[in-house]
Amino acid sequence: MDSNHPPRYSRRQALKQFANGFGMLGLATVLQQSGALAATQNPLAVRAAHIPPKAKNLIFLFMSGGPSHVDLFDPKPRLLAEMGKPLPFEKPKLERTKTGNLLGSPWTFSRHGESGMEFSELLPHLSTCADDLCMIRSMVADNINHNGACLQMNTGEQSFSRPSLGSWLLYGLGTMNQNLPGFVVLSPAQPAQGAPLWGSSFLPAAYQGTLVSNLDAPIANLANPRYSGAMQRKQLDLLAAVNQEYAAAREEDSRLSARIASFELAYRMQTEAPEAFDVAGESAATQNLYGLNEESTAIFGKQCLMARRLVERGVRCVQVYHTQTAKRSSCQLWDQHGGLKQELPLNCAATDKPIAGLLKDLKARGLLDETIVLWGGEFGRTPTAEGDNGREHHPFGFTMWMAGGGTKGGLTYGNTDEYGWHAVENKVHVHDLHATILHLLGINHTELTYRYSGRDYRLTDVYGNVMHDLIA
């Protein structure tokens, strides 16, 4: 046998070496033959941006169900003055149910901050952050049902499986902390649409979101009671070598690559993830800022505090779903077809203080300048009544807001008509929103593409304009 060419070990022989106590000759031979970890490209490695970025991270606060813009951010005096009368123009043909007459908001609005931004009385904490918010009152989407609208807001596509916003960010930029997942989803109760909202679809599987549904035990089985860290390292090196040998003779399968990467990430996470998700060490003042000691805000407050801790440690994207409160467990909390006067105050009480706490905490730590905070749902609610105490789905004109990450604080952008039905000034489509977020993070949305099934796909499909008026 040529001494310059060590013997090629089969998978069976390699596993035998593993079973015999990690024989160093066998381990070294397999690693040398396959290239193992040295030849494995890290899919989450940081990559260069297309343009100088204004932001490094994204926190997407998703209010599942569709929050009512005319009750929270977009006051309509005429809607209130003409309450009970028919809408004085023809409704779009895209309708789910025949809603009734105009329904004015039962809550009062007032101006806040130097900008004079308008907020409902339901948001006393968030209103104190007025001058940090970039309020978009002219959002439009294309789907009137939860499933399609949630998919579009999270993936850019209404009906087919497409990579999520967070997955595109990981694919384009990688992530700054290799010991934590690059895309984390905090959702105590999963939205009805489930994993497609944070999945990677046809992008390599390594870019999918990591779901955290149990806030008390965020990542299961992090501790290995049987083997030391050094022994686990030997296990993983051998496993990677065997997998690399298997993969070398076959076409690339992102599922295998993602599995190898997930094993490595899980090993590294043992040292950092427990601390990253543990909010118990935060000061009493910080915990109070997020409302962790109050029943109404404890759940969402913990989600928001975890989000801050994760971006602080270099996680690229954190998606925070409001899907559960102490008063009600539901996947569509903001879906007030009825019970508007009772349920909307509960939703606001559960989220208002934690969100304001998040913004203030990020700002105090110098993180808001480099972190985009995005708030919104899949659409808004109709200015007309469903029954006598509810509103229907409404994608024709609604409100979302951004803060930090290079956006213009104190700006109210766009408008709906006098009743809050149509976006009539500076319309911002979902594709425009996504294009703008990517731009802020240093990505040209037309260049972030992935070839699949014979064509180049992107988050914004073939649409989307960067809304430069929103950028500081």
# chains A, B, ... in the order shown; residues from 1 in each chain; ligands from 1
call {"tool": "residues_around", "arguments": {"residues": "A:Trp107", "least_positions_apart": "4", "cutoff": "9 Å", "atoms": "only C-alpha atoms", "output": "PyMOL selection string"}}
result
chain A and resi 71-72+120-122
call {"tool": "select_by_dssp", "arguments": {"residues": "stretch 86-248 of chain A", "states": "helix (DSSP H, G or I)", "output": "PyMOL selection string"}}
result
chain A and resi 126-132+146-155+165-173+195-197+205-207+229-248
call {"tool": "write_last_selection", "arguments": {"atoms": "C-alpha atoms", "output": "PDB file, in the first residue's frame"}}
result
ATOM      1  CA  LEU A 126     -46.295  53.178  22.689  1.00  0.00           C
ATOM      2  CA  SER A 127     -47.415  56.785  22.241  1.00  0.00           C
ATOM      3  CA  THR A 128     -44.459  57.872  24.393  1.00  0.00           C
ATOM      4  CA  CYS A 129     -42.202  56.535  21.601  1.00  0.00           C
ATOM      5  CA  ALA A 130     -43.893  58.613  18.890  1.00  0.00           C
ATOM      6  CA  ASP A 131     -40.750  60.374  17.720  1.00  0.00           C
ATOM      7  CA  ASP A 132     -38.970  57.053  17.150  1.00  0.00           C
ATOM      8  CA  HIS A 146     -55.727  35.088   6.699  1.00  0.00           C
ATOM      9  CA  ASN A 147     -53.826  32.275   4.999  1.00  0.00           C
ATOM     10  CA  GLY A 148     -52.953  34.121   1.804  1.00  0.00           C
ATOM     11  CA  ALA A 149     -52.402  37.475   3.520  1.00  0.00           C
ATOM     12  CA  CYS A 150     -50.108  36.003   6.187  1.00  0.00           C
ATOM     13  CA  LEU A 151     -48.114  34.207   3.526  1.00  0.00           C
ATOM     14  CA  GLN A 152     -47.730  37.407   1.516  1.00  0.00           C
ATOM     15  CA  MET A 153     -46.665  39.495   4.501  1.00  0.00           C
ATOM     16  CA  ASN A 154     -44.128  36.878   5.593  1.00  0.00           C
ATOM     17  CA  THR A 155     -42.926  35.476   2.262  1.00  0.00           C
ATOM     18  CA  LEU A 165     -38.312  37.130   4.929  1.00  0.00           C
ATOM     19  CA  GLY A 166     -35.981  35.843   7.653  1.00  0.00           C
ATOM     20  CA  SER A 167     -34.759  33.022   5.418  1.00  0.00           C
ATOM     21  CA  TRP A 168     -33.935  35.480   2.631  1.00  0.00           C
ATOM     22  CA  LEU A 169     -31.978  37.594   5.128  1.00  0.00           C
ATOM     23  CA  LEU A 170     -29.908  34.593   6.257  1.00  0.00           C
ATOM     24  CA  TYR A 171     -29.314  33.558   2.658  1.00  0.00           C
ATOM     25  CA  GLY A 172     -28.207  37.063   1.689  1.00  0.00           C
ATOM     26  CA  LEU A 173     -26.264  38.139   4.748  1.00  0.00           C
ATOM     27  CA  ALA A 195     -44.199  26.708   9.510  1.00  0.00           C
ATOM     28  CA  PRO A 196     -44.587  28.182   5.975  1.00  0.00           C
ATOM     29  CA  LEU A 197     -44.447  31.633   7.603  1.00  0.00           C
ATOM     30  CA  ALA A 205     -32.889  24.125   4.647  1.00  0.00           C
ATOM     31  CA  ALA A 206     -30.240  25.756   6.852  1.00  0.00           C
ATOM     32  CA  TYR A 207     -32.013  29.089   6.371  1.00  0.00           C
ATOM     33  CA  GLY A 229     -17.988  18.397  25.341  1.00  0.00           C
ATOM     34  CA  ALA A 230     -14.739  16.839  24.095  1.00  0.00           C
ATOM     35  CA  MET A 231     -16.421  13.494  23.461  1.00  0.00           C
ATOM     36  CA  GLN A 232     -19.298  15.168  21.631  1.00  0.00           C
ATOM     37  CA  ARG A 233     -16.756  16.980  19.475  1.00  0.00           C
ATOM     38  CA  LYS A 234     -15.221  13.651  18.443  1.00  0.00           C
ATOM     39  CA  GLN A 235     -18.658  12.232  17.713  1.00  0.00           C
ATOM     40  CA  LEU A 236     -19.568  15.160  15.487  1.00  0.00           C
ATOM     41  CA  ASP A 237     -16.249  15.092  13.635  1.00  0.00           C
ATOM     42  CA  LEU A 238     -16.728  11.450  12.779  1.00  0.00           C
ATOM     43  CA  LEU A 239     -20.392  11.908  11.891  1.00  0.00           C
ATOM     44  CA  ALA A 240     -19.496  14.819   9.612  1.00  0.00           C
ATOM     45  CA  ALA A 241     -16.800  12.739   7.947  1.00  0.00           C
ATOM     46  CA  VAL A 242     -19.205   9.900   7.253  1.00  0.00           C
ATOM     47  CA  ASN A 243     -21.872  12.283   5.961  1.00  0.00           C
ATOM     48  CA  GLN A 244     -19.369  14.078   3.761  1.00  0.00           C
ATOM     49  CA  GLU A 245     -18.227  10.780   2.270  1.00  0.00           C
ATOM     50  CA  TYR A 246     -21.841   9.862   1.606  1.00  0.00           C
ATOM     51  CA  ALA A 247     -22.594  13.244   0.046  1.00  0.00           C
ATOM     52  CA  ALA A 248     -19.492  13.326  -2.148  1.00  0.00           C
TER      53      ALA A 248
END
call {"tool": "closest_atom_pairs", "arguments": {"of": "stretch 339-405 of chain A", "to": "stretch 112-119 of chain A", "cutoff": "12 Å", "atoms": "only C-alpha atoms", "output": "tab-separated table"}}
result
residue	atom	partner	partner_atom	distance
A:Asp352	CA	A:Phe119	CA	11.7
A:Thr399	CA	A:Phe119	CA	11.8
A:Trp401	CA	A:Met117	CA	11.9
call {"tool": "write_last_selection", "arguments": {"atoms": "N, CA and C atoms", "output": "compact mmCIF listing (two decimals), in the first residue's frame"}}
result
# COMPACT_ATOMS: atom_id res chain seq x y z
N ASP A 352 -48.87 46.60 24.46
CA ASP A 352 -48.47 48.01 24.43
C ASP A 352 -47.23 48.26 25.29
N THR A 399 -52.44 50.16 8.46
CA THR A 399 -51.26 50.79 9.07
C THR A 399 -50.26 49.76 9.56
N TRP A 401 -45.94 50.07 11.22
CA TRP A 401 -44.89 51.03 11.55
C TRP A 401 -43.53 50.35 11.69
call {"tool": "closest_residue", "arguments": {"among": "A:Gly404, A:Gly420, A:Pro274, A:Gly338", "to": "A:Glu386", "atoms": "only C-alpha atoms"}}
result
A:Gly338
call {"tool": "residues_around", "arguments": {"residues": "A:Val70", "least_positions_apart": "4", "cutoff": "7 Å", "atoms": "only C-alpha atoms", "output": "list in words"}}
result
Asp74, Pro75, Lys76, Ser105, Pro383 and Gly420 of chain A
call {"tool": "residues_around", "arguments": {"residues": "A:Gln324", "least_positions_apart": "3", "cutoff": "12 Å", "atoms": "only C-alpha atoms", "output": "PyMOL selection string"}}
result
chain A and resi 63-65+186-191+213-215+296-301+303+320-321+327-334+346-347+350-351
call {"tool": "write_last_selection", "arguments": {"atoms": "N, CA and C atoms", "output": "short mmCIF file (atom, residue, chain, number, x, y, z; two decimals), in the first residue's frame"}}
result
data_model
loop_
_atom_site.label_atom_id
_atom_site.label_comp_id
_atom_site.auth_asym_id
_atom_site.auth_seq_id
_atom_site.Cartn_x
_atom_site.Cartn_y
_atom_site.Cartn_z
N MET A 63 -48.68 40.89 14.64
CA MET A 63 -49.95 40.83 15.36
C MET A 63 -50.93 39.96 14.57
N SER A 64 -50.96 38.70 14.90
CA SER A 64 -51.68 37.72 14.11
C SER A 64 -53.19 37.96 14.14
N GLY A 65 -53.78 38.09 12.96
CA GLY A 65 -55.23 38.27 12.85
C GLY A 65 -55.66 39.52 12.13
N LEU A 186 -40.38 33.45 17.85
CA LEU A 186 -40.94 33.34 19.20
C LEU A 186 -42.45 33.37 19.11
N SER A 187 -43.09 32.21 19.32
CA SER A 187 -44.54 32.11 19.14
C SER A 187 -45.10 31.03 20.07
N PRO A 188 -45.66 31.44 21.22
CA PRO A 188 -46.21 30.45 22.16
C PRO A 188 -47.28 29.56 21.56
N ALA A 189 -48.13 30.12 20.72
CA ALA A 189 -49.11 29.32 19.98
C ALA A 189 -48.88 29.57 18.50
N GLN A 190 -48.76 28.52 17.73
CA GLN A 190 -48.44 28.71 16.31
C GLN A 190 -49.62 29.30 15.56
N PRO A 191 -49.38 30.29 14.69
CA PRO A 191 -50.45 30.79 13.83
C PRO A 191 -51.01 29.65 12.98
N SER A 213 -41.53 27.81 20.99
CA SER A 213 -42.91 27.91 21.43
C SER A 213 -43.05 27.79 22.94
N ASN A 214 -42.08 27.17 23.59
CA ASN A 214 -42.09 27.06 25.05
C ASN A 214 -41.12 28.09 25.60
N LEU A 215 -41.64 29.18 26.12
CA LEU A 215 -40.79 30.27 26.59
C LEU A 215 -40.02 29.90 27.85
N SER A 296 -51.12 40.52 32.58
CA SER A 296 -51.57 40.84 31.22
C SER A 296 -50.42 40.95 30.23
N THR A 297 -49.23 41.31 30.70
CA THR A 297 -48.11 41.56 29.79
C THR A 297 -46.98 40.54 29.90
N ALA A 298 -47.08 39.60 30.80
CA ALA A 298 -45.96 38.70 31.09
C ALA A 298 -45.54 37.88 29.87
N ILE A 299 -46.50 37.34 29.13
CA ILE A 299 -46.16 36.46 28.02
C ILE A 299 -45.47 37.23 26.90
N PHE A 300 -46.13 38.26 26.40
CA PHE A 300 -45.54 39.00 25.28
C PHE A 300 -44.31 39.79 25.74
N GLY A 301 -44.31 40.23 26.99
CA GLY A 301 -43.15 40.92 27.52
C GLY A 301 -41.91 40.04 27.49
N GLN A 303 -41.41 37.54 25.44
CA GLN A 303 -41.03 37.39 24.04
C GLN A 303 -40.19 38.59 23.58
N VAL A 320 -41.49 37.86 16.28
CA VAL A 320 -42.24 37.74 17.53
C VAL A 320 -43.72 37.75 17.19
N TYR A 321 -44.38 36.61 17.35
CA TYR A 321 -45.81 36.50 17.06
C TYR A 321 -46.62 36.70 18.32
N LYS A 327 -55.47 36.08 29.07
CA LYS A 327 -56.93 36.03 29.08
C LYS A 327 -57.49 35.10 28.01
N ARG A 328 -56.72 34.90 26.93
CA ARG A 328 -57.26 34.15 25.81
C ARG A 328 -56.15 33.46 25.05
N SER A 329 -56.34 32.21 24.71
CA SER A 329 -55.37 31.48 23.92
C SER A 329 -55.95 31.28 22.52
N SER A 330 -55.34 31.91 21.54
CA SER A 330 -55.88 31.86 20.19
C SER A 330 -54.76 32.15 19.21
N CYS A 331 -54.89 31.62 18.00
CA CYS A 331 -53.89 31.89 16.97
C CYS A 331 -54.17 33.18 16.20
N GLN A 332 -55.37 33.72 16.31
CA GLN A 332 -55.73 34.93 15.57
C GLN A 332 -56.29 35.96 16.54
N LEU A 333 -55.46 36.42 17.45
CA LEU A 333 -55.93 37.27 18.54
C LEU A 333 -56.56 38.58 18.07
N TRP A 334 -56.08 39.12 16.95
CA TRP A 334 -56.52 40.44 16.51
C TRP A 334 -57.64 40.34 15.49
N LEU A 346 -57.95 44.27 25.28
CA LEU A 346 -57.14 43.21 25.87
C LEU A 346 -55.85 42.99 25.08
N ASN A 347 -55.97 42.99 23.76
CA ASN A 347 -54.77 42.83 22.92
C ASN A 347 -53.78 43.96 23.14
N ALA A 350 -52.01 43.73 26.44
CA ALA A 350 -51.00 42.67 26.48
C ALA A 350 -49.72 43.05 25.75
N THR A 351 -49.79 43.96 24.78
CA THR A 351 -48.63 44.23 23.92
C THR A 351 -48.07 45.64 24.03
#
call {"tool": "residues_around", "arguments": {"residues": "A:Lys91", "least_positions_apart": "4", "cutoff": "9 Å", "atoms": "only C-alpha atoms", "output": "PyMOL selection string"}}
result
chain A and resi 87+95+421
call {"tool": "atom_distance", "arguments": {"atom1": "atom CA of A:Val318", "atom2": "atom CA of A:Ser138"}}
result
24.8 Å
call {"tool": "residues_around", "arguments": {"residues": "A:Leu102", "least_positions_apart": "3", "cutoff": "10 Å", "atoms": "only C-alpha atoms", "output": "VMD selection string"}}
result
chain A and resid 78 to 88 99 105 382 to 386 419
call {"tool": "select_by_dssp", "arguments": {"residues": "stretch 317-384 of chain A", "states": "strand (DSSP E)", "output": "PyMOL selection string"}}
result
chain A and resi 317-322+371-376+380-381
call {"tool": "write_last_selection", "arguments": {"atoms": "C-alpha atoms", "output": "PDB file, in the first residue's frame"}}
result
ATOM      1  CA  CYS A 317     -33.756  38.120  12.463  1.00  0.00           C
ATOM      2  CA  VAL A 318     -36.220  37.573  15.301  1.00  0.00           C
ATOM      3  CA  GLN A 319     -39.912  37.214  14.573  1.00  0.00           C
ATOM      4  CA  VAL A 320     -42.238  37.741  17.530  1.00  0.00           C
ATOM      5  CA  TYR A 321     -45.806  36.496  17.056  1.00  0.00           C
ATOM      6  CA  HIS A 322     -48.530  37.727  19.358  1.00  0.00           C
ATOM      7  CA  THR A 371     -32.052  47.231  14.593  1.00  0.00           C
ATOM      8  CA  ILE A 372     -35.225  47.574  12.518  1.00  0.00           C
ATOM      9  CA  VAL A 373     -38.348  46.992  14.591  1.00  0.00           C
ATOM     10  CA  LEU A 374     -41.345  46.282  12.363  1.00  0.00           C
ATOM     11  CA  TRP A 375     -44.934  46.119  13.689  1.00  0.00           C
ATOM     12  CA  GLY A 376     -48.035  44.935  11.881  1.00  0.00           C
ATOM     13  CA  GLY A 380     -56.317  45.908   8.787  1.00  0.00           C
ATOM     14  CA  ARG A 381     -60.063  45.951   9.544  1.00  0.00           C
TER      15      ARG A 381
END
call {"tool": "atom_distance", "arguments": {"atom1": "atom CA of A:Arg137", "atom2": "atom CA of A:Gly104"}}
result
17.4 Å
call {"tool": "atom_distance", "arguments": {"atom1": "atom CA of A:Ala141", "atom2": "atom CA of A:Gln208"}}
result
24.1 Å
call {"tool": "closest_residue", "arguments": {"among": "A:Asn415, A:Ser164, A:Ser110, A:Asn288", "to": "A:Pro354", "atoms": "only C-alpha atoms"}}
result
A:Asn288
call {"tool": "closest_residue", "arguments": {"among": "A:Asn57, A:Asn465, A:Thr416, A:Ser453", "to": "A:Met139", "atoms": "only C-alpha atoms"}}
result
A:Thr416
call {"tool": "residues_around", "arguments": {"residues": "A:Asp142", "least_positions_apart": "3", "cutoff": "10 Å", "atoms": "only C-alpha atoms", "output": "VMD selection string"}}
result
chain A and resid 94 145 148 to 149 152 to 153 157 to 158 379 394 to 396 429 to 430
call {"tool": "closest_residue", "arguments": {"among": "A:His69, A:Arg162, A:Arg308, A:Arg365", "to": "A:Leu203", "atoms": "only C-alpha atoms"}}
result
A:Arg162
call {"tool": "closest_residue", "arguments": {"among": "A:Gln336, A:Ile51, A:Lys93, A:Leu44", "to": "A:Leu440", "atoms": "only C-alpha atoms"}}
result
A:Ile51
